Each structure stands twice: as structure tokens, then as C-alpha cells.
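**Q** Following this line is start17.txt, made up of compact mmCIF, C-alpha atoms and all ligand atoms:
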# COMPACT_ATOMS: atom_id res chain seq x y z
CA MET A 1 -33.02 -74.41 -274.21
CA SER A 2 -35.65 -71.87 -273.07
CA PRO A 3 -37.60 -72.87 -269.99
CA ARG A 4 -41.25 -73.81 -270.36
CA VAL A 5 -43.37 -70.70 -269.72
CA ALA A 6 -46.76 -71.29 -268.17
CA VAL A 7 -49.72 -68.93 -268.66
CA SER A 8 -48.90 -67.25 -265.37
CA PRO A 9 -45.13 -67.50 -265.06
CA ARG A 10 -43.71 -69.08 -261.93
CA ILE A 11 -41.19 -66.58 -260.60
CA ALA A 12 -38.95 -66.98 -257.54
CA VAL A 13 -36.70 -64.36 -256.00
CA VAL A 14 -33.95 -65.61 -253.72
CA GLY A 15 -33.17 -63.21 -250.85
CA SER A 16 -35.30 -60.70 -248.94
CA GLY A 17 -32.81 -57.83 -248.81
CA PRO A 18 -33.52 -54.45 -250.43
CA ALA A 19 -33.29 -55.93 -253.97
CA GLY A 20 -35.52 -58.97 -253.46
CA LEU A 21 -38.17 -57.22 -251.39
CA THR A 22 -38.44 -54.23 -253.74
CA PHE A 23 -38.81 -56.59 -256.69
CA ALA A 24 -41.48 -58.64 -254.91
CA ARG A 25 -43.34 -55.56 -253.68
CA VAL A 26 -43.54 -53.92 -257.12
CA MET A 27 -44.68 -57.24 -258.63
CA HIS A 28 -47.32 -57.45 -255.89
CA ARG A 29 -48.48 -53.92 -256.71
CA HIS A 30 -49.02 -55.01 -260.31
CA GLY A 31 -50.97 -58.08 -259.22
CA HIS A 32 -48.23 -60.68 -259.78
CA PRO A 33 -47.34 -62.57 -256.61
CA VAL A 34 -43.88 -64.17 -256.62
CA THR A 35 -42.21 -66.76 -254.39
CA VAL A 36 -39.66 -65.17 -252.02
CA LEU A 37 -37.11 -67.62 -250.59
CA GLU A 38 -35.05 -66.29 -247.65
CA ARG A 39 -32.31 -68.08 -245.70
CA ASP A 40 -32.93 -66.26 -242.39
CA PRO A 41 -35.47 -68.07 -240.21
CA ALA A 42 -37.38 -64.82 -239.41
CA PRO A 43 -37.30 -61.12 -240.37
CA ASP A 44 -35.58 -60.17 -237.10
CA ALA A 45 -33.33 -63.24 -236.84
CA ARG A 46 -30.19 -61.06 -236.94
CA PRO A 47 -29.49 -57.35 -236.40
CA PRO A 48 -30.63 -55.57 -239.56
CA GLY A 49 -27.47 -53.38 -239.95
CA GLY A 50 -26.99 -49.62 -240.02
CA THR A 51 -28.92 -46.74 -241.48
CA LEU A 52 -29.30 -46.31 -245.26
CA ASP A 53 -29.56 -43.06 -247.16
CA LEU A 54 -32.03 -43.44 -250.02
CA GLN A 55 -31.35 -41.14 -252.93
CA GLU A 56 -33.83 -39.31 -255.12
CA GLY A 57 -33.79 -41.01 -258.51
CA MET A 58 -32.60 -44.32 -257.03
CA GLY A 59 -33.92 -45.78 -253.75
CA GLN A 60 -36.68 -43.16 -253.51
CA LEU A 61 -37.68 -43.74 -257.14
CA ALA A 62 -37.90 -47.48 -256.42
CA LEU A 63 -40.17 -46.79 -253.44
CA GLU A 64 -42.34 -44.59 -255.63
CA LYS A 65 -42.69 -47.48 -258.08
CA ALA A 66 -43.73 -49.64 -255.12
CA GLY A 67 -46.30 -47.03 -254.00
CA LEU A 68 -44.38 -46.51 -250.75
CA LEU A 69 -42.80 -43.07 -251.15
CA GLU A 70 -45.26 -41.34 -248.84
CA GLU A 71 -44.70 -43.86 -246.06
CA PHE A 72 -40.95 -43.52 -246.56
CA THR A 73 -41.22 -39.75 -246.28
CA ALA A 74 -43.06 -40.15 -242.99
CA ARG A 75 -40.57 -42.65 -241.52
CA SER A 76 -37.24 -41.36 -242.85
CA ARG A 77 -34.91 -38.87 -241.18
CA PRO A 78 -34.01 -35.92 -243.47
CA GLU A 79 -31.96 -34.42 -240.62
CA GLY A 80 -29.80 -37.56 -240.86
CA GLN A 81 -28.27 -36.11 -244.05
CA ALA A 82 -26.10 -33.86 -241.83
CA MET A 83 -22.41 -34.58 -242.31
CA ARG A 84 -19.39 -33.50 -240.31
CA VAL A 85 -15.78 -34.14 -241.35
CA LEU A 86 -12.93 -34.02 -238.84
CA ASP A 87 -9.26 -34.61 -239.07
CA PRO A 88 -7.69 -37.13 -236.69
CA ASP A 89 -6.79 -34.46 -234.12
CA GLY A 90 -10.49 -33.57 -233.84
CA THR A 91 -10.49 -30.31 -235.83
CA VAL A 92 -13.82 -29.87 -237.64
CA LEU A 93 -13.08 -29.40 -241.35
CA ARG A 94 -16.63 -29.44 -242.73
CA ASP A 95 -19.99 -29.23 -240.99
CA TRP A 96 -22.88 -29.54 -243.43
CA ARG A 97 -26.50 -29.44 -242.29
CA PRO A 98 -29.50 -29.96 -244.56
CA ARG A 99 -32.17 -27.30 -244.98
CA PRO A 100 -35.68 -28.42 -243.97
CA GLU A 101 -36.65 -28.88 -247.63
CA ASP A 102 -33.56 -30.97 -248.52
CA ARG A 103 -34.79 -34.49 -249.35
CA ALA A 104 -32.00 -35.69 -251.64
CA ASN A 105 -30.78 -38.52 -249.34
CA PRO A 106 -32.88 -38.95 -246.17
CA GLU A 107 -31.82 -41.78 -243.87
CA ILE A 108 -33.91 -44.76 -242.79
CA ASP A 109 -33.04 -47.63 -240.45
CA ARG A 110 -32.66 -50.85 -242.38
CA GLY A 111 -35.20 -52.57 -240.14
CA HIS A 112 -37.77 -49.87 -240.87
CA LEU A 113 -37.12 -50.15 -244.60
CA ARG A 114 -37.49 -53.93 -244.45
CA ASP A 115 -40.82 -53.65 -242.61
CA LEU A 116 -42.03 -51.03 -245.08
CA LEU A 117 -41.21 -53.28 -248.05
CA LEU A 118 -42.49 -56.46 -246.41
CA GLY A 119 -46.03 -55.12 -245.88
CA PRO A 120 -48.37 -57.76 -247.30
CA LEU A 121 -45.64 -59.96 -248.82
CA GLU A 122 -45.43 -63.60 -247.80
CA VAL A 123 -41.78 -64.56 -247.50
CA GLN A 124 -40.75 -68.20 -247.09
CA TRP A 125 -38.36 -67.81 -244.15
CA GLY A 126 -35.70 -70.41 -243.40
CA ARG A 127 -35.39 -71.44 -247.06
CA ALA A 128 -31.64 -71.33 -247.81
CA VAL A 129 -31.07 -71.97 -251.51
CA THR A 130 -28.07 -74.20 -252.16
CA GLU A 131 -28.16 -74.55 -255.95
CA VAL A 132 -29.95 -73.29 -259.05
CA VAL A 133 -29.88 -75.39 -262.20
CA PRO A 134 -31.27 -73.85 -265.40
CA GLY A 135 -32.18 -75.65 -268.61
CA GLY A 136 -34.47 -78.40 -267.27
CA ARG A 137 -37.61 -79.60 -269.07
CA ASP A 138 -39.82 -78.33 -266.23
CA GLY A 139 -37.98 -75.06 -265.85
CA VAL A 140 -35.17 -73.87 -263.59
CA ALA A 141 -34.57 -76.15 -260.61
CA VAL A 142 -34.01 -74.60 -257.19
CA ARG A 143 -32.60 -76.75 -254.40
CA CYS A 144 -32.79 -75.70 -250.76
CA ALA A 145 -30.88 -76.77 -247.66
CA ASP A 146 -34.15 -78.24 -246.30
CA GLY A 147 -33.95 -80.87 -249.08
CA ARG A 148 -36.83 -79.50 -251.15
CA ARG A 149 -36.54 -79.03 -254.92
CA GLU A 150 -38.90 -76.80 -256.90
CA THR A 151 -38.98 -75.53 -260.48
CA PHE A 152 -39.72 -72.06 -261.79
CA ASP A 153 -39.87 -70.24 -265.11
CA LEU A 154 -37.63 -67.47 -263.78
CA VAL A 155 -35.29 -67.43 -260.77
CA ILE A 156 -33.89 -64.09 -259.63
CA GLY A 157 -30.77 -64.11 -257.48
CA ALA A 158 -31.06 -61.27 -254.96
CA ASP A 159 -29.05 -63.18 -252.39
CA GLY A 160 -26.22 -60.76 -251.84
CA ALA A 161 -22.41 -60.90 -251.95
CA TRP A 162 -21.99 -64.67 -251.66
CA SER A 163 -24.91 -65.52 -253.93
CA ARG A 164 -25.77 -69.19 -254.47
CA VAL A 165 -27.71 -68.27 -257.61
CA ARG A 166 -24.78 -66.47 -259.31
CA PRO A 167 -22.86 -69.67 -260.28
CA ALA A 168 -25.78 -70.53 -262.61
CA VAL A 169 -24.84 -67.57 -264.83
CA SER A 170 -21.28 -66.54 -263.97
CA SER A 171 -18.05 -67.92 -262.54
CA ALA A 172 -17.09 -64.55 -260.98
CA THR A 173 -16.32 -64.48 -257.26
CA PRO A 174 -15.75 -61.47 -254.98
CA ARG A 175 -12.17 -60.32 -254.35
CA TYR A 176 -10.86 -58.55 -251.25
CA THR A 177 -10.32 -54.78 -251.74
CA GLY A 178 -7.49 -54.45 -249.21
CA VAL A 179 -9.78 -52.50 -246.85
CA THR A 180 -11.36 -53.98 -243.75
CA LEU A 181 -14.26 -52.43 -241.88
CA VAL A 182 -14.98 -53.20 -238.24
CA GLU A 183 -18.43 -52.20 -237.06
CA THR A 184 -19.43 -51.37 -233.52
CA ALA A 185 -22.36 -49.52 -231.93
CA LEU A 186 -23.34 -47.29 -229.02
CA ASP A 187 -26.85 -47.47 -227.58
CA ASP A 188 -28.82 -44.73 -225.92
CA ILE A 189 -26.05 -42.30 -226.80
CA ASP A 190 -27.91 -39.10 -225.82
CA THR A 191 -28.27 -40.27 -222.23
CA ARG A 192 -25.14 -42.35 -221.75
CA HIS A 193 -22.61 -40.34 -223.79
CA PRO A 194 -24.01 -36.84 -224.36
CA ASP A 195 -20.61 -35.46 -225.48
CA LEU A 196 -20.32 -38.13 -228.15
CA ALA A 197 -23.95 -37.53 -229.13
CA ARG A 198 -23.14 -33.87 -229.78
CA LEU A 199 -20.00 -34.82 -231.69
CA VAL A 200 -21.92 -37.15 -234.03
CA GLY A 201 -24.84 -34.72 -234.37
CA ASP A 202 -28.04 -35.63 -236.23
CA GLY A 203 -26.35 -37.45 -239.10
CA SER A 204 -22.83 -38.72 -239.82
CA LEU A 205 -19.34 -37.92 -238.70
CA ALA A 206 -16.23 -38.98 -240.60
CA ALA A 207 -12.54 -38.58 -239.79
CA TYR A 208 -9.82 -39.49 -242.26
CA GLY A 209 -6.18 -40.31 -241.46
CA VAL A 210 -3.39 -42.12 -243.29
CA ASN A 211 -4.92 -45.39 -244.56
CA ARG A 212 -7.58 -45.14 -241.84
CA ALA A 213 -11.10 -43.75 -241.54
CA LEU A 214 -13.58 -43.61 -238.70
CA VAL A 215 -17.25 -43.06 -239.51
CA ALA A 216 -20.14 -42.75 -237.03
CA GLN A 217 -23.78 -42.65 -238.11
CA ARG A 218 -26.84 -41.89 -236.05
CA ASN A 219 -29.71 -44.36 -236.42
CA SER A 220 -33.09 -43.79 -234.78
CA GLY A 221 -33.65 -44.27 -231.03
CA GLY A 222 -30.26 -42.95 -229.90
CA HIS A 223 -28.41 -45.81 -231.61
CA VAL A 224 -25.10 -44.93 -233.29
CA LYS A 225 -23.15 -47.25 -235.57
CA VAL A 226 -19.38 -46.76 -235.78
CA TYR A 227 -17.28 -48.06 -238.66
CA ALA A 228 -13.50 -48.26 -238.31
CA GLN A 229 -11.89 -48.75 -241.72
CA PHE A 230 -8.26 -49.47 -242.48
CA ARG A 231 -5.98 -50.89 -245.14
CA THR A 232 -4.37 -54.29 -244.62
CA GLU A 233 -2.08 -56.38 -246.82
CA PRO A 234 -3.63 -56.02 -250.32
CA ASP A 235 -4.89 -59.58 -250.54
CA ARG A 236 -5.13 -60.52 -246.88
CA PRO A 237 -7.96 -59.42 -244.56
CA THR A 238 -7.02 -59.24 -240.87
CA ASP A 239 -7.64 -62.12 -238.49
CA LEU A 240 -9.82 -59.90 -236.27
CA GLY A 241 -12.88 -61.97 -237.11
CA THR A 242 -12.03 -64.62 -234.54
CA ALA A 243 -10.78 -62.32 -231.74
CA GLY A 244 -12.92 -61.51 -228.67
CA THR A 245 -14.49 -58.10 -228.04
CA GLU A 246 -11.72 -56.69 -225.83
CA ALA A 247 -8.95 -58.00 -228.10
CA VAL A 248 -10.58 -56.29 -231.12
CA ARG A 249 -11.06 -53.07 -229.14
CA ALA A 250 -7.38 -53.07 -228.11
CA ARG A 251 -6.30 -53.76 -231.69
CA LEU A 252 -8.43 -50.90 -233.03
CA LEU A 253 -7.24 -48.46 -230.37
CA ALA A 254 -3.67 -49.34 -231.37
CA LEU A 255 -4.47 -48.87 -235.07
CA PHE A 256 -5.97 -45.42 -234.38
CA ASP A 257 -3.34 -44.47 -231.79
CA GLY A 258 -2.75 -40.70 -231.64
CA TRP A 259 -6.27 -39.76 -232.80
CA ALA A 260 -8.26 -37.29 -230.68
CA ALA A 261 -9.73 -38.71 -227.46
CA PRO A 262 -13.42 -38.17 -228.41
CA LEU A 263 -12.88 -40.11 -231.65
CA LEU A 264 -11.24 -42.95 -229.77
CA ASP A 265 -14.11 -42.87 -227.26
CA LEU A 266 -16.38 -44.04 -230.08
CA LEU A 267 -14.32 -47.24 -230.08
CA ARG A 268 -13.84 -47.38 -226.29
CA HIS A 269 -17.60 -47.38 -225.69
CA GLY A 270 -18.58 -49.65 -228.59
CA THR A 271 -20.55 -52.65 -227.33
CA ALA A 272 -19.63 -55.42 -229.78
CA PHE A 273 -17.52 -55.63 -232.91
CA ALA A 274 -18.41 -57.14 -236.29
CA HIS A 275 -15.63 -57.82 -238.76
CA ARG A 276 -16.47 -56.90 -242.37
CA PRO A 277 -13.59 -57.18 -244.85
CA LEU A 278 -14.76 -55.36 -247.99
CA TYR A 279 -15.07 -57.50 -251.10
CA VAL A 280 -16.08 -56.52 -254.63
CA LEU A 281 -17.10 -58.28 -257.83
CA PRO A 282 -15.23 -57.42 -261.05
CA ALA A 283 -16.46 -54.14 -262.57
CA PRO A 284 -18.32 -54.37 -264.83
CA HIS A 285 -19.66 -57.80 -264.00
CA THR A 286 -21.63 -59.03 -266.99
CA TRP A 287 -22.52 -62.56 -268.09
CA PRO A 288 -23.87 -64.25 -271.22
CA HIS A 289 -27.65 -64.33 -270.86
CA VAL A 290 -28.94 -67.60 -269.39
CA PRO A 291 -32.67 -68.16 -269.97
CA GLY A 292 -34.59 -68.44 -266.72
CA VAL A 293 -32.01 -66.92 -264.33
CA THR A 294 -30.87 -63.38 -263.57
CA LEU A 295 -29.27 -61.39 -260.75
CA LEU A 296 -30.07 -58.20 -258.85
CA GLY A 297 -28.21 -56.02 -256.35
CA ASP A 298 -25.04 -57.19 -254.59
CA ALA A 299 -25.36 -60.64 -256.19
CA ALA A 300 -24.81 -58.92 -259.55
CA HIS A 301 -22.43 -56.08 -258.65
CA LEU A 302 -21.01 -56.15 -255.14
CA MET A 303 -19.26 -52.81 -254.63
CA PRO A 304 -17.72 -50.86 -251.72
CA PRO A 305 -20.26 -49.35 -249.27
CA LEU A 306 -20.33 -45.76 -250.50
CA GLY A 307 -24.05 -45.12 -250.35
CA VAL A 308 -24.97 -46.74 -253.69
CA GLY A 309 -25.40 -50.52 -253.22
CA ALA A 310 -28.85 -50.62 -251.62
CA ASN A 311 -30.10 -47.76 -253.78
CA LEU A 312 -29.12 -49.54 -256.97
CA ALA A 313 -30.39 -52.88 -255.67
CA MET A 314 -33.83 -51.36 -255.05
CA LEU A 315 -33.94 -49.48 -258.34
CA GLU A 316 -33.06 -52.63 -260.28
CA GLY A 317 -35.66 -54.64 -258.35
CA ALA A 318 -38.35 -52.09 -259.19
CA GLU A 319 -37.30 -51.75 -262.84
CA LEU A 320 -37.20 -55.50 -263.46
CA ALA A 321 -40.60 -55.94 -261.83
CA GLU A 322 -42.13 -53.18 -263.95
CA SER A 323 -40.80 -54.60 -267.17
CA LEU A 324 -41.93 -58.16 -266.30
CA ALA A 325 -45.36 -56.88 -265.30
CA ALA A 326 -45.66 -55.08 -268.63
CA SER A 327 -44.65 -58.10 -270.75
CA GLY A 328 -46.78 -61.09 -271.70
CA PRO A 329 -45.88 -64.57 -270.39
CA GLY A 330 -44.18 -65.43 -273.70
CA ASP A 331 -42.00 -62.30 -273.51
CA LEU A 332 -40.48 -63.07 -270.11
CA ASP A 333 -37.08 -64.02 -271.44
CA ALA A 334 -36.86 -61.05 -273.81
CA ALA A 335 -37.76 -58.71 -270.93
CA VAL A 336 -35.03 -60.17 -268.70
CA ARG A 337 -32.46 -60.01 -271.49
CA ALA A 338 -33.31 -56.36 -272.20
CA PHE A 339 -33.11 -55.57 -268.47
CA GLU A 340 -29.64 -57.13 -268.21
CA GLU A 341 -28.42 -55.16 -271.22
CA ARG A 342 -29.87 -51.91 -269.88
CA THR A 343 -28.67 -52.16 -266.29
CA GLY A 344 -25.30 -53.95 -266.62
CA ALA A 345 -23.41 -50.94 -267.94
CA ARG A 346 -24.95 -48.59 -265.34
CA ALA A 347 -23.99 -50.92 -262.48
CA GLY A 348 -20.48 -51.22 -263.93
CA ARG A 349 -20.09 -47.43 -263.86
CA TRP A 350 -21.19 -47.25 -260.22
CA ALA A 351 -18.95 -50.15 -259.24
CA THR A 352 -15.93 -48.49 -260.86
CA MET A 353 -16.76 -45.13 -259.24
CA THR A 354 -17.24 -46.54 -255.74
CA LEU A 355 -14.02 -48.54 -255.95
CA ALA A 356 -12.13 -45.38 -256.94
CA GLY A 357 -13.97 -43.61 -254.09
CA LEU A 358 -12.85 -46.21 -251.55
CA ASP A 359 -9.25 -45.74 -252.71
CA ARG A 360 -9.55 -42.03 -251.94
CA LEU A 361 -11.43 -42.37 -248.64
CA VAL A 362 -9.01 -44.90 -247.13
CA SER A 363 -5.87 -43.51 -248.64
CA PRO A 364 -2.22 -42.77 -247.83
CA ASP A 365 -3.16 -39.13 -248.56
CA PRO A 366 -6.13 -38.10 -246.36
CA ALA A 367 -6.53 -34.85 -248.35
CA GLN A 368 -8.00 -37.09 -251.07
CA ALA A 369 -10.90 -37.99 -248.78
CA LEU A 370 -11.76 -34.36 -248.10
CA ALA A 371 -11.50 -33.52 -251.81
CA LEU A 372 -13.90 -36.37 -252.66
CA TRP A 373 -16.30 -35.20 -249.98
CA ASP A 374 -16.26 -31.67 -251.44
CA GLU A 375 -16.97 -33.08 -254.92
CA VAL A 376 -20.09 -35.01 -253.90
CA GLN A 377 -21.58 -32.92 -251.10
CA PRO A 378 -24.22 -30.37 -252.11
CA SER A 379 -23.28 -26.80 -251.14
C1 LIG B 401 -21.41 -50.96 -243.55
C2 LIG B 401 -22.24 -50.82 -244.78
C3 LIG B 401 -22.95 -49.63 -245.01
C4 LIG B 401 -23.71 -49.48 -246.17
N1 LIG B 401 -24.39 -48.31 -246.37
C5 LIG B 401 -25.12 -48.13 -247.49
C6 LIG B 401 -25.87 -46.93 -247.74
O1 LIG B 401 -25.90 -46.00 -246.92
N2 LIG B 401 -26.57 -46.83 -248.89
C7 LIG B 401 -26.57 -47.83 -249.82
O2 LIG B 401 -27.21 -47.67 -250.89
N3 LIG B 401 -25.91 -48.99 -249.62
C8 LIG B 401 -25.19 -49.17 -248.49
N4 LIG B 401 -24.52 -50.35 -248.27
C9 LIG B 401 -24.61 -51.42 -249.27
C10 LIG B 401 -25.90 -52.21 -249.08
O3 LIG B 401 -25.97 -52.71 -247.76
C11 LIG B 401 -25.99 -53.37 -250.06
O4 LIG B 401 -25.60 -52.96 -251.34
C12 LIG B 401 -27.45 -53.88 -250.11
O5 LIG B 401 -27.82 -54.40 -248.86
C13 LIG B 401 -27.61 -54.93 -251.20
O6 LIG B 401 -28.93 -55.40 -251.17
P1 LIG B 401 -29.26 -56.86 -251.75
O7 LIG B 401 -30.71 -57.04 -251.53
O8 LIG B 401 -28.69 -57.00 -253.09
O9 LIG B 401 -28.41 -57.85 -250.82
P2 LIG B 401 -28.47 -58.12 -249.21
O10 LIG B 401 -28.85 -56.88 -248.47
O11 LIG B 401 -27.16 -58.73 -248.90
O12 LIG B 401 -29.63 -59.16 -249.05
C14 LIG B 401 -29.47 -60.49 -249.46
C15 LIG B 401 -30.51 -61.34 -248.77
O13 LIG B 401 -30.40 -62.67 -249.29
C16 LIG B 401 -30.41 -63.60 -248.22
N5 LIG B 401 -29.65 -64.78 -248.65
C17 LIG B 401 -28.32 -64.90 -248.77
N6 LIG B 401 -27.99 -66.13 -249.23
C18 LIG B 401 -29.16 -66.79 -249.38
C19 LIG B 401 -29.48 -68.11 -249.83
N7 LIG B 401 -28.51 -68.98 -250.20
N8 LIG B 401 -30.78 -68.47 -249.87
C20 LIG B 401 -31.77 -67.60 -249.51
N9 LIG B 401 -31.51 -66.35 -249.07
C21 LIG B 401 -30.22 -65.94 -249.02
C22 LIG B 401 -29.75 -62.84 -247.07
O14 LIG B 401 -30.09 -63.42 -245.81
C23 LIG B 401 -30.34 -61.45 -247.27
O15 LIG B 401 -31.59 -61.31 -246.64
C24 LIG B 401 -23.75 -50.53 -247.12
C25 LIG B 401 -23.06 -51.72 -246.89
C26 LIG B 401 -22.31 -51.87 -245.73
C27 LIG B 401 -21.54 -53.17 -245.51
Before anything else, please render the file you have as C-alpha cells.

**A**
Amino acid sequence: MSPRVAVSPRIAVVGSGPAGLTFARVMHRHGHPVTVLERDPAPDARPPGGTLDLQEGMGQLALEKAGLLEEFTARSRPEGQAMRVLDPDGTVLRDWRPRPEDRANPEIDRGHLRDLLLGPLEVQWGRAVTEVVPGGRDGVAVRCADGRRETFDLVIGADGAWSRVRPAVSSATPRYTGVTLVETALDDIDTRHPDLARLVGDGSLAAYGVNRALVAQRNSGGHVKVYAQFRTEPDRPTDLGTAGTEAVRARLLALFDGWAAPLLDLLRHGTAFAHRPLYVLPAPHTWPHVPGVTLLGDAAHLMPPLGVGANLAMLEGAELAESLAASGPGDLDAAVRAFEERTGARAGRWATMTLAGLDRLVSPDPAQALALWDEVQPS
């Protein structure tokens, strides 16, 4: 049964990540306010995560659709596109620096991007959605952990990897890739660790060994995020998630034993460790259309973190908003159905490509990682 569609459709987006906020911001630009439900109690309730590179034709196109490209250009870091590749003994294999006019993938801190997108939006913070039930007489029911129940004509799940909206349209669940990522960070690197600051440079540094990778990325304000990645048993993430800081550090130093001292220093000086086993949804992940509910971003196509997820999430958010804004209230369902058909195959291609990419970056044959880097890096 199609949900009842009011004159001005009641639309909710669940999640205020890149997908949900871009959707809401483009809708706002077209004069259609939507309800944004976010689990976090406040925008800065938890650390926002590392820097994001926003690509021309994807994240940057989405910001253009939101009317925010100029502000992005002012706040982003084109010099952050610099990329250095080392082998585990510290030999520099590639050292690519952007020209001043290169704007293909400038970096922006996630917190800055969130603030840019938030602008005038009114997010309902502290509203964790627990269940979405389509097909009701009054529309799609949304239940929250605070006990409230509301109905909408359209509910958009932009609530990330472990989406609570997804079960309303699909039984798919994320599976472990066999690769675990442990994240740490160094603050005030230029003053406290000038040698490491020079090693990382203005952008990213990556070193690839057998089934291991170490990536460091400069964020703004002298903050550097470090990602140690390694293969584990194919279907078993490590138990590092429950270990204390020094136990994780010791475990990582043992895993990367024999690597050059400056690379290991990135782990030695890391302040805290976050455990992020990498999960993916099946690729492609499609579902039979369910009137009144759809998915965006990681909720729809969780993929390995190879510089695509946030870009695609934002592009989808902007595209869905534009097509809803252009359709009449009675065409809402047709617009969503057409969007799902149009974007599902594209997301499937990216998901397949990034999974193959992860297999080459964290590989028994580190030459694969360098070859992949040469294929994607502009000359
Ligand atoms: C280490 C790392 C580096 C990455 N680097 C890049 C990069 O450089 N470029 C790139 O394009 N991508 C990158 N990605 C991928 C990118 O982070 C994700 O693809 C992107 O954040 C997805 O956006 P989203 O809005 O779909 O989901 P999320 O960013 O996960 O946002 C989901 C939001 O929903 C909220 N939420 C969750 N559950 C509920 C609920 N039940 N009720 C209400 N709210 C809820 C969450 O609190 C969150 O605010 C990286 C990922 C990782 C792990």
C-alpha cells in the first residue's frame, strides 16, 4: 500500500552524516524543510573523524548543488592532496605534490564539513531511531529510543553502516572484510614531532608491507590521523577493541615489527587508539522498492574506506533532494523509485571497485598497492 501523501509531503531523514545533511541542505535550498533525526546528543558529542577528500564530480558537485562550493573552496586544503608512498624500510617510492591549480580532491576536516552543511538546518539531536515500519494508514511509522512515535510520507535512512532504517527494505547485514583498521592521532605535530611532521608533509603518507599498511593524514591545526591496517583471520576481527591504550600500542608495534623507526614512531606517539574492523554490505546491494522508505550513503552501500564513501553519500543526498524538489507531492514515490534505479548500479560499481582496491592495498604482495596507486594518481 502506498503511504498517504499530504499536500506538502512529510519527509524525515535519519542521520546527520554527510548523506543526511547534504540531502537536508539541498532540500532547504529548494524551500522544502525536512525533519532530521540524529542519535548523537549534539554536533560535537564525539570526535568527528579524520579528513575527507571531496572529489570534483562527486562531493564537490553535491556542495555545488547545495550552494556551498565557494565556502568549501575557502575552507578546504588543496595542498592536502599531496601523497607520499614509502616502503616499510622508509624508502620514498613516490612523492606527489599538487600544483596550485589542482582542485580534483581537496581535503576538508569532517568537523568543518559538518558545520558547513549544518548552516541553518535544525537537527533534532538525541533522537535515536529504533525502528521504521512502512505501510501504515497514516504513513511510515518511525519509533525512537525516547519512546516517541511519528509518521511521515517518506523516511530516508542515512544512518550509516549499522542502519536501523535498512531492515524496513532489506535483510542485508554488513560482513567483515578480513581487514582491521586501528586509528590513532598525533596533536600539534609541527611543534612536538617536527621530524614526523616533515615525513607526513602537507597531505598523506602511506607505507605498504605484507598484509599491512600504515597511512598518516594531515588534518588542519597540526593534527595528524594515523591508520594501521592489517589482515586478520578472514571472518574474525581482532579482540583489540577491548584492550587498553598501551596494550594496543604494544600489539601494533609487534605487528609492524621491522618497519623503519620513523614509521613506528607514528604509532609510538599516538595518543589513543580506536578499533575499526572494516565491514561491507553485499555489492551491489539492491532491494525491491518499498513505498515510503529509501536509503542513502553507507546505509545503502557500506564499502571499504578508499576515498569514495562520503563523496557518494553526499552526491546521492543532493541528487535525491533535487529530484524530490522537482516532483509534485503525488510523484514522490515515482521519484524515489527512479532514484533507486539510477543510483543502485553506480553504487554497486564503486563498492566492487573499492573492495578490489582494499584487497590490493592490504595484500600479501605489496607491489599491488604501489601499482594501484600509480593507476589512480594523476601524473
Ligand atoms: C577511516 C576512514 C576514512 C575514510 N575516508 C574517506 C574519504 O577520504 N573520502 C570518502 O569519500 N569517504 C571516506 N570514508 C568513508 C566515509 O566516512 C563514509 O562513507 C561516510 O561517512 C558515509 O556517510 P553517511 O552519511 O552515509 O554515514 P555516517 O557518516 O556514518 O553518518 C551516519 C549518521 O547517522 C547517525 N545515526 C546512526 N544510527 C542512528 C539512529 N539509529 N538514529 C539516528 N541517527 C543515527 C550517526 O550518528 C551519524 O551521524 C572513510 C571512512 C573511514 C572509516

**Q** Neighbouring residues of ligand LIG 401 (chain B) are defined here as those with any atom at most 6 Å from a ligand atom, counting all atoms listed in the file; list them as number ranges by chain.

**A** A: 14-20, 37-40, 52-53, 127-130, 158-160, 163-164, 297-299, 305, 307-311, 313

**Q** Rank A:Gly178, A:Gly330, A:Gly157, A:Gly344 by their smallest atom-to-atom distance to Leu296 in chain A, using all atoms listed in the file, and report the top residue only.

**A** A:Gly157

**Q** How many Å lie between CA of Gln55 in chain A and CA of Arg75 in chain A, rounded to one decimal?

**A** 14.7 Å

**Q** Find, counting all atoms listed in the file, the residue in A:Asp44, A:Asp365, A:Asp374, A:Asp265 that gets nearest to Arg110 in chain A.

**A**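 Smallest distance to Arg110 in chain A is found for A:Asp44.
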
**Q** For Arg166 in chain A, which of A:His301, A:Val215, A:Met353, A:Arg192 is the closest residue, counting only C-alpha atoms?

**A**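 Closest candidate: A:His301.
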
**Q** Mind giving me the straight-line distance from CA of Arg25 in chain A to CA of Leu302 in chain A in Å, one decimal?

**A**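 Pair CA of Arg25 in chain A / CA of Leu302 in chain A returns 22.4 Å.
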
**Q** Determine the nearest neighbour of Gly139 in chain A from the options A:Pro291, A:Gly317, A:Pro277, A:Pro98, counting all atoms listed in the file.

**A**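 Of all the options, A:Pro291 lies closest to Gly139 in chain A.
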